[in-house]
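File shown: query01.txt. Contents: compact mmCIF, C-alpha atoms.
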# COMPACT_ATOMS: atom_id res chain seq x y z
CA MET S 1 35.30 -55.80 -35.54
CA ALA S 2 31.78 -56.22 -34.18
CA LYS S 3 31.29 -56.83 -30.50
CA ARG S 4 29.69 -60.12 -29.69
CA SER S 5 27.16 -60.34 -26.95
CA PRO S 6 27.67 -63.17 -24.50
CA PRO S 7 25.46 -66.21 -25.04
CA PRO S 8 22.28 -66.15 -22.95
CA ARG S 9 22.65 -68.04 -19.71
CA LYS S 10 19.91 -70.28 -18.52
CA PRO S 11 18.97 -69.94 -14.86
CA PRO S 12 20.80 -72.34 -12.57
CA GLU S 13 18.96 -75.42 -11.39
CA THR S 14 20.24 -74.96 -7.85
CA LEU S 15 21.32 -71.92 -5.93
CA SER S 16 23.44 -71.62 -2.84
CA ALA S 17 22.36 -69.23 -0.09
CA GLN S 18 22.82 -68.32 3.55
CA VAL S 19 19.59 -68.16 5.59
CA PHE S 20 19.46 -66.01 8.73
CA LEU S 21 16.76 -66.62 11.35
CA GLU S 22 15.13 -64.24 13.80
CA PRO S 23 16.52 -64.43 17.34
CA THR S 24 14.35 -66.51 19.69
CA ASP S 25 14.43 -67.58 23.30
CA THR S 26 13.87 -71.27 22.56
CA ASP S 27 16.53 -73.85 23.21
CA GLU S 28 15.64 -75.83 20.08
CA ASP S 29 18.60 -77.34 18.28
CA LEU S 30 19.38 -75.00 15.38
CA GLY S 31 20.44 -77.87 13.12
CA ALA S 32 17.12 -79.65 13.62
CA GLU S 33 15.21 -76.39 13.15
CA ALA S 34 17.12 -75.65 9.91
CA ALA S 35 16.41 -79.16 8.57
CA ARG S 36 12.72 -78.82 9.45
CA ARG S 37 12.45 -75.40 7.77
CA LEU S 38 14.19 -76.68 4.65
CA ARG S 39 11.95 -79.75 4.47
CA ASP S 40 8.82 -77.58 4.95
CA ALA S 41 9.92 -75.17 2.22
CA ALA S 42 10.59 -78.03 -0.20
CA GLU S 43 7.16 -79.51 0.54
CA ALA S 44 5.50 -76.10 0.08
CA VAL S 45 6.72 -75.86 -3.52
CA GLN S 46 6.23 -79.59 -4.11
CA ALA S 47 9.92 -80.27 -4.63
CA ALA S 48 11.59 -83.49 -3.63
CA PRO S 49 13.17 -83.23 -0.17
CA GLU S 50 16.42 -84.55 -1.68
CA ALA S 51 16.50 -81.52 -4.03
CA ALA S 52 17.49 -79.28 -1.13
CA THR S 53 20.63 -79.89 0.89
CA LEU S 54 21.52 -78.36 4.22
CA GLY S 55 25.05 -77.08 4.60
CA LYS S 56 26.91 -75.63 7.55
CA VAL S 57 24.92 -74.38 10.56
CA HIS S 58 26.21 -71.34 12.47
CA ARG S 59 24.65 -71.35 15.92
CA LEU S 60 25.87 -67.94 17.09
CA ALA S 61 24.74 -66.17 13.91
CA ARG S 62 21.50 -68.20 13.87
CA SER S 63 22.11 -69.03 10.23
CA PHE S 64 22.61 -71.98 7.96
CA SER S 65 23.70 -72.52 4.37
CA VAL S 66 21.50 -74.28 1.88
CA GLN S 67 21.75 -75.45 -1.71
CA ALA S 68 18.38 -75.85 -3.39
CA ALA S 69 16.16 -74.92 -6.31
CA PRO S 70 15.31 -71.20 -6.58
CA ALA S 71 11.66 -71.90 -5.67
CA VAL S 72 12.69 -73.60 -2.42
CA ILE S 73 14.94 -70.70 -1.44
CA GLU S 74 12.13 -68.25 -2.24
CA ALA S 75 9.78 -70.26 -0.02
CA LEU S 76 12.38 -70.16 2.77
CA GLU S 77 12.64 -66.39 2.39
CA LYS S 78 8.87 -65.96 2.81
CA ALA S 79 8.65 -68.30 5.81
CA PRO S 80 7.92 -66.76 9.22
CA GLY S 81 10.94 -66.44 11.47
CA VAL S 82 13.40 -65.89 8.62
CA ARG S 83 15.20 -62.58 8.91
CA SER S 84 17.01 -62.60 5.55
CA VAL S 85 18.46 -64.75 2.79
CA LEU S 86 21.73 -63.88 1.11
CA SER S 87 22.86 -65.48 -2.12
CA ASN S 88 26.35 -66.94 -2.04
CA GLU S 89 26.98 -65.77 -5.60
CA GLN S 90 27.08 -62.02 -6.02
CA PRO S 91 27.34 -60.28 -9.40
CA ASP S 92 30.72 -58.88 -10.32
CA LEU S 93 31.11 -55.17 -9.77
CA LEU S 94 33.30 -53.13 -12.01
CA ILE S 95 34.64 -50.09 -10.21
CA ARG S 96 36.16 -47.43 -12.38
CA PRO S 97 38.85 -45.23 -10.93
CA VAL S 98 38.05 -41.55 -11.11
CA ARG S 99 40.81 -39.01 -11.40
CA ARG S 100 40.43 -36.07 -9.12
CA LYS S 101 42.70 -33.19 -8.43
CA ARG S 102 43.64 -33.03 -4.82
CA ASP S 103 43.57 -29.68 -3.10
CA ASP S 104 46.56 -30.02 -0.79
For this file, write the structure as structure tokens.
Amino acid sequence: MAKRSPPPRKPPETLSAQVFLEPTDTDEDLGAEAARRLRDAAEAVQAAPEAATLGKVHRLARSFSVQAAPAVIEALEKAPGVRSVLSNEQPDLLIRPVRRKRDD
């Protein structure tokens, strides 16, 4: 029986990610700052502001979740003041057990 390759997947129209910001000394509201950064990133790639949605804001971690087009998330990642962006979907890892003889 021949193995079938999985059908090619088209890239998703929206991605979900967690955006972490650099620590600052300002007292600016993190929710307002996150909304401003998301709006600026959407405008930078000429996407509709409604195409990107702001999720939960974590004040202590200085992070917020976002669901947007890949181009908007890439623009967020390149913006100044952004420490890192982590995708909410990680590829599956297949870990194989390895048999070893124990020297006890």
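The nearest approach to Val72 (chain S) among the residues S:Glu22, S:Glu50, S:Asp29, S:Asp92, with all atoms listed in the file taken into account, belongs to S:Glu50.
Restricting the calculation to all atoms listed in the file, the smallest distance between Ala41 (chain S) and any of S:Asp25, S:Leu76, S:Arg62, S:Ala71 is found for S:Leu76.
Surrounding residues of (24.7, -68.0, -1.4) at most 7 Å away are Leu15, Ser16, Ala17, Gln18, Leu86, Ser87, Asn88 and Glu89 of chain S (based on only C-alpha atoms).
Here CA of His58 (chain S) is placed at a distance of 19.1 Å from CA of Pro80 (chain S).
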*Of the residues S:Leu93, S:Ile73, S:Leu54, S:Ala61, which is the one nearest to Gly31 (chain S), using all atoms listed in the file?*
S:Leu54
*Could you work out how far CA of Thr53 (chain S) lies from CA of Ala35 (chain S), giving the answer in Å with one decimal?*
8.8 Å
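Residue nearest Ser65 (chain S) within the list S:Glu43, S:Val85, S:Gln90, S:Ala51: S:Val85 [criterion: smallest interatomic distance, all atoms listed in the file].
Going from CA of Leu21 (chain S) to CA of Gln46 (chain S) covers 22.8 Å.
With only C-alpha atoms as the basis for measurement, S:Leu60 is the residue among S:Leu60, S:Ile95, S:Leu38, S:Ala44 that approaches Thr24 (chain S) most closely.
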